[in-house]
Amino acid sequence: MTASPDDLPAAVPAMWRALKRGYQAEPVLLPVAFGLSLLAALPDALIALWLMFLADGVTQGDRTLMVVSALGLGGSATATWFLRVVSDRTQRRFRDRVTIALESHVAQLQASVSTIAHHERPDYLDRLAVLRDQVFVLDHMYMSLFGTAGWVLRLGITVALLVSIHPALAALALFALPTVLTSTWRPGAERAAEERGASSVRLARHLFDVATTAPPGKEVRLTGIGQRLVARRRAAWERWYGPVASARWASAAWHTVAWAIFGAAFVGSVVFVAQVIEGTPGQVLLVLAAGSRLSAYLSATVGEIGFLRGVWLDGSRRLAWLEDYAASLTVDADQPVPHRIEDGITLERVSFAYPGTDRLVLEDVDLHLPAGAVVAVVGENGAGKSTLVKLLARMYTPTSGRILVDGADLSRMPADEWRERLAGAFQDFYRFELHAQQTVGLGDRPRLEDRPAVTTAVRRAGAEDVVTHLAAGLDTQLGPSWPGGVEVSFGQWQKLALARGFMRDDPLLLILDEPTAALDAETEHALFERYAAISRAGAEAGSNGRITVLVSHRFSTVRMADLIVVLDGARIVEHGAHETLMANHGPYAELYGIQAAAYR
Ligand SMILES: Nc1ncnc2c1ncn2[C@@H]1O[C@H](COP(=O)(O)OP(=O)(O)O)[C@@H](O)[C@H]1O
Ligand SMILES: [Mg+2]
C-alpha cells in the first residue's frame with residue numbers, strides 16, 4: 001500500500017494542488033473574485049486619509065480641499081458598500097460552483113477506487129469522513145484566502161498612513177498584538193475545553209435520542225427508565241458545561257487586559273501626535289481613525305491565517321492523499337472481460353489478508369468453479385465465505401495467488417466492466433429508499449425504469465407478495481421519512497434487495513451471499529430450487545456459462561448445488577457434490593447430520 005494514513009502529503013504542495021483544482025474548475029471566476037476582494041479592501045482603508053484632508057481643509061479654510069475630501073469620503077464609503085456587495089456576490093458564486101466541482105471530484109475519486117478496502121478500514125474511514133465534511137469547508141478556504149489578502153492590504157495601507165505622520169507610530173501595531181494573541185489563543189483554549197467534554201456531549205445526545213425517538217420508545221416505557229434517562233442526560237450536560245463556562249470567563253478576562261493595553265497605546269499615540277510632534281488636527285484625526293481600525297485589521301488577518309492553516313492545509317492534504325491513493329490503486333487493465341465463460345473460474349493458491357491486517361482470512365485456496373455450475377460455499381461464521389465472494393466480485397485483490405477467468409487474470413480486467421457482468425445480493429444489503437421500481441431497477445441501471453424487466457426480477461426473487469402489498473405497487477415510495485413513503489419489514493427489504501440482484505439477465509457470475517437469511521428455510525429452498533433449475537437449463541441451452549456462487553447456512557439449500565465447498569479456518573477442507581461428500585463422512589457429512597437432526 002503506497003498511501004498509508006500516517007503519511008499525508010506535504011501541506012504546501014497539497015494546498016497548491018487544491019488551488020489549481022479551484023482554478024481548473026473556475027478559471028475566470030477565481031481571478032475575478034480575488035481581484036474584487038482586493039479592490040473592496042482599498043476604499044475602506046483610505047477613509048482615514050480622507051478624514052485627515054477634510055479636517056485640514058476645515059481648519060485651514062481651504063474650500064477645495066474640503067470639497068475634494070468630502071467627495072473622497074463619500075465616494076469611499078459608497079465604494080466600500082458597493083464593492084462589498086459585488087465582491088460578496090462574486091465570491092458566493094465562485095464558492096457554490098467550486099463546492100460542486102470539489103464534491104464531484106471527491107465522489108469521483110472515491111468511486112474510482114475499484115476495491116472497497118477504503119470503506120472497511122477504520123483509519124481510512126475516519127479520514128474519508130473528515131474529508132467528506134471538509135469538502136464543504138474547502139470552499140470556505142478559497143474565501144479565506146481572498147479574505148486574508150484583503151486584510152493584509154488594509155493593514156499595510158493603515159500602517160503606511162500612520163508611518164507617513166511619524167515612523168514611531170508603527171509601534172501602535174505592536175501594542176495591538178496582545179489583542180491578536182488573545183483572539184487567536186482563547187478560541188482554541190475554549191474549543192479544547194469543549195472537546196475534552198465531547199464524550200459527555202455525545203452521551204447527553206445519545207440519552208436524549210433514546211428518551212425521545214421512536215425505536216427505543218417501547219422499551220423505554222416498558223422498563224420505566226424515562227426519568228433516569230432525563231436525569232443522567234442533565235448530569236452529562238453539566239459535566240460538559242462547567243469547564244466550558246470557566247474557559248469562556250477566562251477568555252473574557254484576557255481580552256479585557258489585551259484591549260486595555262491597546263487602548264492605552266492608542267490614547268498615547270493621539271497625545272503624541274497632538275502634543276509632542278504638534279501635528280495638524282487632520283493628522284490627529286487620521287491617527288484616531290487609522291489606529292482604531294488597526295487592531296481589527298490585525299486580528300482579522302491573524303484570524304484568517306489561522307483558519308487557513310487549521311482547516312485548509314488539513315483539508316487539502318486529505319484531498320491530495322485521496323488523489324494519490326486512488327492513483328496508487330489504478331492497475332493496468334489490459335485483459336478484456338469475456339463475453340461468456342467457456343471453462344470456468346480458477347483460484348490458484350489464493351491467500352488474502354484484509355488491508356492493514358496480517359491475519360490470512362483465506363490461505364492457499366485452490367479451486368475450480370466450472371462454467372455453468374451452481375457452487376455452494378459453507379462453513380462456520382468467520383470461515384471466509386464472504387471474503388471469497390468479495391474477491392470474486394473484485395472488491396479486493398488477492399494478497400497472493402491469482403484468480404483466473406478462462407485462464408485470464410481477473411485482476412487485470414477493468415473492475416467496472418467485470419462488475420457489469422455480475423449480479424447478486426448480499427446479506428448486508430442496502431435499503432435504497434426510492435420508489436420500489438427503482439429500488440429493484442438499480443440492479444441494472446440502464447433498465448432502472450424498465451417495468452417488464454423489474455417485474456421479471458421481482459418474480460425471480462419470489463418478491464411478488466411484497467409488491468402486491470404495497471399501496472401503489474412498484475410506484476410506492478419506500479422509507480417512511482419521505483413524503484408518502486412506507487416502511488416495509490426487514491424480510492421485505494431483503495426480498496427487494498434480492499430482486500435487485502436478479503435484474504441483470506445474463507451475468508457471468510451470480511453471487512448470493514446469504515441474501516435470504518431473514519426468510520424461512522422453505523422459502524429459501526423453493527427459491528433456489530427454482531433458480532438453480534433455470535440456471536442449469538440456461539447452461540444446457542448454451543448460454544454464457546454463468547457460474548452461481550451461493551453462500552448459505554441451510555444444508556437443505558446447499559445440497560442441490562453441483563459443487564459444495566467447505567471452508568474452515570481460511571482453508572478449503574473439502575469440496576465435491578453432496579453425495580460424494582456424504583459418502584466421505586467428513587466435516588460436511590457431520591455438519592449435515594447435525595442440522596438434519598435439529599430439523600427432525
Ligand atoms: N473488512 C474486514 N477487515 C478485516 N477483517 C475482516 C473484514 N471483513 C471480514 N473480516 C474477517 O475475516 C474473517 C472472515 O470473514 P468473512 O469472510 O466475512 O466470514 P464468513 O462470511 O464466512 O462469515 C473474519 O475473521 C472476519 O472477522
Ligand atoms: Mg459472511
# chains A, B, ... in the order shown; residues from 1 in each chain; ligands from 1
>>> closest_atom_pairs(of="chain A", to="ligand 1", cutoff="6 Å", atoms="only C-alpha atoms and all ligand atoms", output="JSON lines")
{"residue": "A:Glu120", "atom": "CA", "partner": "ligand 1", "partner_atom_place_in_ligand_line": "1 (N)", "distance": 4.7}
{"residue": "A:Tyr354", "atom": "CA", "partner": "ligand 1", "partner_atom_place_in_ligand_line": "4 (C)", "distance": 4.9}
{"residue": "A:Val361", "atom": "CA", "partner": "ligand 1", "partner_atom_place_in_ligand_line": "12 (O)", "distance": 5.1}
{"residue": "A:Asn381", "atom": "CA", "partner": "ligand 1", "partner_atom_place_in_ligand_line": "23 (O)", "distance": 3.7}
{"residue": "A:Gly382", "atom": "CA", "partner": "ligand 1", "partner_atom_place_in_ligand_line": "19 (O)", "distance": 3.4}
{"residue": "A:Ala383", "atom": "CA", "partner": "ligand 1", "partner_atom_place_in_ligand_line": "22 (O)", "distance": 3.9}
{"residue": "A:Gly384", "atom": "CA", "partner": "ligand 1", "partner_atom_place_in_ligand_line": "17 (O)", "distance": 3.2}
{"residue": "A:Lys385", "atom": "CA", "partner": "ligand 1", "partner_atom_place_in_ligand_line": "22 (O)", "distance": 3.6}
{"residue": "A:Ser386", "atom": "CA", "partner": "ligand 1", "partner_atom_place_in_ligand_line": "21 (O)", "distance": 3.6}
{"residue": "A:Thr387", "atom": "CA", "partner": "ligand 1", "partner_atom_place_in_ligand_line": "17 (O)", "distance": 3.6}
>>> residues_around(residues="segment 447-453 of chain A", least_positions_apart="4", cutoff="9 Å", atoms="only C-alpha atoms", output="PyMOL selection string")
chain A and resi 437-443+457-458+474+503-505
>>> closest_residue(among="A:Glu433, A:Asp428, A:Asp520, A:Glu574", to="ligand 2", atoms="only C-alpha atoms and all ligand atoms")
A:Asp428
>>> residues_around(residues="Leu49 of chain A", least_positions_apart="3", cutoff="9 Å", atoms="only C-alpha atoms", output="list of chain:residue names")
A:Ala45, A:Leu46, A:Met52, A:Phe53, A:Leu54, A:Ser69, A:Leu73, A:Leu161, A:Gly282, A:Gln283, A:Leu286, A:Ala289, A:Ala290
>>> write_last_selection(atoms="C-alpha atoms", output="compact mmCIF listing (two decimals), in the first residue's frame")
# COMPACT_ATOMS: atom_id res chain seq x y z
CA ALA A 45 -8.55 51.60 4.36
CA LEU A 46 -8.38 55.04 2.70
CA MET A 52 -7.36 63.95 7.57
CA PHE A 53 -7.76 66.06 4.42
CA LEU A 54 -11.24 67.07 5.47
CA SER A 69 -12.01 65.30 0.68
CA LEU A 73 -15.01 60.34 1.93
CA LEU A 161 -0.65 56.06 6.70
CA GLY A 282 -6.16 66.39 10.38
CA GLN A 283 -3.22 64.23 11.44
CA LEU A 286 -6.03 60.24 10.94
CA ALA A 289 -9.38 56.75 12.52
CA ALA A 290 -6.48 54.54 11.40
>>> residues_around(residues="Ala176 of chain A", least_positions_apart="6", cutoff="10 Å", atoms="only C-alpha atoms", output="JSON, numbers by chain")
{"A": [258, 259, 261, 262, 263, 265, 266, 291, 294, 295, 296, 297, 298, 299]}
>>> write_last_selection(atoms="C-alpha atoms", output="PDB file, in the first residue's frame")
ATOM      1  CA  ALA A 258      -5.261  42.955  25.984  1.00  0.00           C
ATOM      2  CA  TRP A 259      -7.673  45.682  24.932  1.00  0.00           C
ATOM      3  CA  ILE A 261      -3.059  47.668  26.699  1.00  0.00           C
ATOM      4  CA  PHE A 262      -4.015  48.636  23.178  1.00  0.00           C
ATOM      5  CA  GLY A 263      -6.364  51.354  24.455  1.00  0.00           C
ATOM      6  CA  ALA A 265      -1.211  52.909  23.496  1.00  0.00           C
ATOM      7  CA  PHE A 266      -3.935  54.335  21.288  1.00  0.00           C
ATOM      8  CA  GLY A 291      -5.494  53.490  14.920  1.00  0.00           C
ATOM      9  CA  LEU A 294      -5.569  48.780  13.254  1.00  0.00           C
ATOM     10  CA  SER A 295      -6.412  46.214  15.877  1.00  0.00           C
ATOM     11  CA  ALA A 296      -9.458  44.998  13.951  1.00  0.00           C
ATOM     12  CA  TYR A 297      -7.406  44.593  10.774  1.00  0.00           C
ATOM     13  CA  LEU A 298      -4.630  42.849  12.598  1.00  0.00           C
ATOM     14  CA  SER A 299      -6.840  40.327  14.342  1.00  0.00           C
TER      15      SER A 299
END
>>> decode(residues="segment 448-569 of chain A", atoms="C-alpha atoms", output="mmCIF file, in the first residue's frame")
data_model
loop_
_atom_site.group_PDB
_atom_site.id
_atom_site.type_symbol
_atom_site.label_atom_id
_atom_site.label_comp_id
_atom_site.auth_asym_id
_atom_site.auth_seq_id
_atom_site.Cartn_x
_atom_site.Cartn_y
_atom_site.Cartn_z
ATOM 1 C CA LEU A 448 -33.922 1.444 -13.978
ATOM 2 C CA GLU A 449 -37.355 2.440 -15.283
ATOM 3 C CA ASP A 450 -37.971 -0.697 -17.301
ATOM 4 C CA ARG A 451 -41.238 -2.037 -15.866
ATOM 5 C CA PRO A 452 -41.221 -5.517 -17.510
ATOM 6 C CA ALA A 453 -37.587 -6.075 -16.508
ATOM 7 C CA VAL A 454 -38.323 -5.132 -12.906
ATOM 8 C CA THR A 455 -41.412 -7.328 -12.840
ATOM 9 C CA THR A 456 -39.330 -10.257 -14.068
ATOM 10 C CA ALA A 457 -36.681 -9.633 -11.416
ATOM 11 C CA VAL A 458 -39.352 -9.452 -8.730
ATOM 12 C CA ARG A 459 -40.707 -12.787 -9.914
ATOM 13 C CA ARG A 460 -37.243 -14.363 -9.952
ATOM 14 C CA ALA A 461 -36.760 -13.270 -6.349
ATOM 15 C CA GLY A 462 -40.174 -14.538 -5.300
ATOM 16 C CA ALA A 463 -40.964 -10.994 -4.147
ATOM 17 C CA GLU A 464 -44.380 -10.670 -5.831
ATOM 18 C CA ASP A 465 -46.065 -10.746 -2.436
ATOM 19 C CA VAL A 466 -44.020 -7.762 -1.266
ATOM 20 C CA VAL A 467 -45.037 -5.713 -4.274
ATOM 21 C CA THR A 468 -48.722 -6.625 -4.143
ATOM 22 C CA HIS A 469 -48.825 -5.477 -0.526
ATOM 23 C CA LEU A 470 -47.541 -2.037 -1.459
ATOM 24 C CA ALA A 471 -50.347 0.506 -1.889
ATOM 25 C CA ALA A 472 -49.170 1.736 -5.268
ATOM 26 C CA GLY A 473 -47.305 -1.410 -6.229
ATOM 27 C CA LEU A 474 -43.942 -0.675 -7.823
ATOM 28 C CA ASP A 475 -44.696 3.049 -7.737
ATOM 29 C CA THR A 476 -44.720 3.106 -3.954
ATOM 30 C CA GLN A 477 -42.144 5.286 -2.258
ATOM 31 C CA LEU A 478 -40.149 3.266 0.269
ATOM 32 C CA GLY A 479 -38.888 4.705 3.531
ATOM 33 C CA PRO A 480 -41.274 6.424 5.952
ATOM 34 C CA SER A 481 -39.216 9.610 6.168
ATOM 35 C CA TRP A 482 -40.117 10.541 2.570
ATOM 36 C CA PRO A 483 -43.441 12.040 1.516
ATOM 37 C CA GLY A 484 -45.907 9.210 1.102
ATOM 38 C CA GLY A 485 -43.159 6.738 1.924
ATOM 39 C CA VAL A 486 -43.960 3.434 3.584
ATOM 40 C CA GLU A 487 -41.824 1.241 5.792
ATOM 41 C CA VAL A 488 -41.560 -2.402 4.936
ATOM 42 C CA SER A 489 -40.241 -5.163 7.159
ATOM 43 C CA PHE A 490 -36.659 -6.404 7.162
ATOM 44 C CA GLY A 491 -37.655 -9.555 5.305
ATOM 45 C CA GLN A 492 -39.432 -7.496 2.671
ATOM 46 C CA TRP A 493 -36.432 -5.234 2.223
ATOM 47 C CA GLN A 494 -34.377 -8.345 1.807
ATOM 48 C CA LYS A 495 -36.636 -9.724 -0.900
ATOM 49 C CA LEU A 496 -36.466 -6.424 -2.740
ATOM 50 C CA ALA A 497 -32.687 -6.479 -2.461
ATOM 51 C CA LEU A 498 -32.746 -9.988 -3.857
ATOM 52 C CA ALA A 499 -34.919 -8.835 -6.745
ATOM 53 C CA ARG A 500 -32.408 -6.056 -7.390
ATOM 54 C CA GLY A 501 -29.748 -8.749 -7.532
ATOM 55 C CA PHE A 502 -31.733 -10.610 -10.171
ATOM 56 C CA MET A 503 -32.137 -7.635 -12.501
ATOM 57 C CA ARG A 504 -29.352 -8.491 -14.910
ATOM 58 C CA ASP A 505 -30.336 -11.102 -17.455
ATOM 59 C CA ASP A 506 -27.013 -12.601 -18.412
ATOM 60 C CA PRO A 507 -24.454 -12.189 -15.653
ATOM 61 C CA LEU A 508 -21.304 -14.290 -15.870
ATOM 62 C CA LEU A 509 -21.254 -14.645 -12.122
ATOM 63 C CA LEU A 510 -24.221 -14.631 -9.811
ATOM 64 C CA ILE A 511 -23.374 -14.153 -6.166
ATOM 65 C CA LEU A 512 -25.828 -14.958 -3.415
ATOM 66 C CA ASP A 513 -24.149 -14.371 -0.072
ATOM 67 C CA GLU A 514 -26.813 -15.365 2.438
ATOM 68 C CA PRO A 515 -29.276 -12.953 0.885
ATOM 69 C CA THR A 516 -32.195 -14.894 2.233
ATOM 70 C CA ALA A 517 -31.084 -15.377 5.821
ATOM 71 C CA ALA A 518 -34.143 -13.455 7.028
ATOM 72 C CA LEU A 519 -36.507 -15.670 5.075
ATOM 73 C CA ASP A 520 -37.665 -19.024 6.342
ATOM 74 C CA ALA A 521 -35.919 -22.173 5.233
ATOM 75 C CA GLU A 522 -38.723 -23.397 2.967
ATOM 76 C CA THR A 523 -38.998 -20.114 1.071
ATOM 77 C CA GLU A 524 -35.258 -20.067 0.595
ATOM 78 C CA HIS A 525 -35.216 -23.653 -0.548
ATOM 79 C CA ALA A 526 -38.049 -23.167 -3.046
ATOM 80 C CA LEU A 527 -36.436 -20.033 -4.379
ATOM 81 C CA PHE A 528 -33.069 -21.593 -5.043
ATOM 82 C CA GLU A 529 -34.510 -24.841 -6.331
ATOM 83 C CA ARG A 530 -36.295 -22.853 -8.999
ATOM 84 C CA TYR A 531 -33.332 -20.612 -9.540
ATOM 85 C CA ALA A 532 -30.862 -23.478 -9.928
ATOM 86 C CA ALA A 533 -33.203 -25.173 -12.384
ATOM 87 C CA ILE A 534 -33.372 -22.089 -14.581
ATOM 88 C CA SER A 535 -29.643 -21.634 -14.325
ATOM 89 C CA ARG A 536 -28.893 -25.192 -15.381
ATOM 90 C CA ALA A 537 -31.418 -25.091 -18.184
ATOM 91 C CA GLY A 538 -29.671 -21.960 -19.411
ATOM 92 C CA ALA A 539 -26.292 -23.639 -19.247
ATOM 93 C CA GLU A 540 -27.511 -26.576 -21.280
ATOM 94 C CA ALA A 541 -29.052 -24.254 -23.835
ATOM 95 C CA GLY A 542 -25.519 -22.991 -24.444
ATOM 96 C CA SER A 543 -25.870 -19.646 -22.710
ATOM 97 C CA ASN A 544 -22.981 -17.664 -21.326
ATOM 98 C CA GLY A 545 -21.622 -20.277 -18.920
ATOM 99 C CA ARG A 546 -22.846 -18.421 -15.876
ATOM 100 C CA ILE A 547 -21.464 -19.534 -12.532
ATOM 101 C CA THR A 548 -23.630 -19.203 -9.450
ATOM 102 C CA VAL A 549 -21.967 -18.925 -6.070
ATOM 103 C CA LEU A 550 -24.318 -19.432 -3.193
ATOM 104 C CA VAL A 551 -23.458 -18.958 0.463
ATOM 105 C CA SER A 552 -25.989 -20.410 2.844
ATOM 106 C CA HIS A 553 -26.211 -21.882 6.301
ATOM 107 C CA ARG A 554 -29.008 -24.190 5.282
ATOM 108 C CA PHE A 555 -27.955 -27.561 4.069
ATOM 109 C CA SER A 556 -31.374 -28.150 2.615
ATOM 110 C CA THR A 557 -30.498 -25.404 0.126
ATOM 111 C CA VAL A 558 -26.853 -26.283 -0.203
ATOM 112 C CA ARG A 559 -27.353 -29.920 -1.121
ATOM 113 C CA MET A 560 -28.764 -29.147 -4.542
ATOM 114 C CA ALA A 561 -25.569 -27.401 -5.666
ATOM 115 C CA ASP A 562 -23.342 -29.051 -8.259
ATOM 116 C CA LEU A 563 -20.287 -28.345 -6.201
ATOM 117 C CA ILE A 564 -20.100 -27.775 -2.462
ATOM 118 C CA VAL A 565 -17.050 -26.084 -0.978
ATOM 119 C CA VAL A 566 -16.459 -26.424 2.753
ATOM 120 C CA LEU A 567 -14.348 -23.644 4.275
ATOM 121 C CA ASP A 568 -12.864 -23.876 7.713
ATOM 122 C CA GLY A 569 -10.302 -21.569 9.255
#
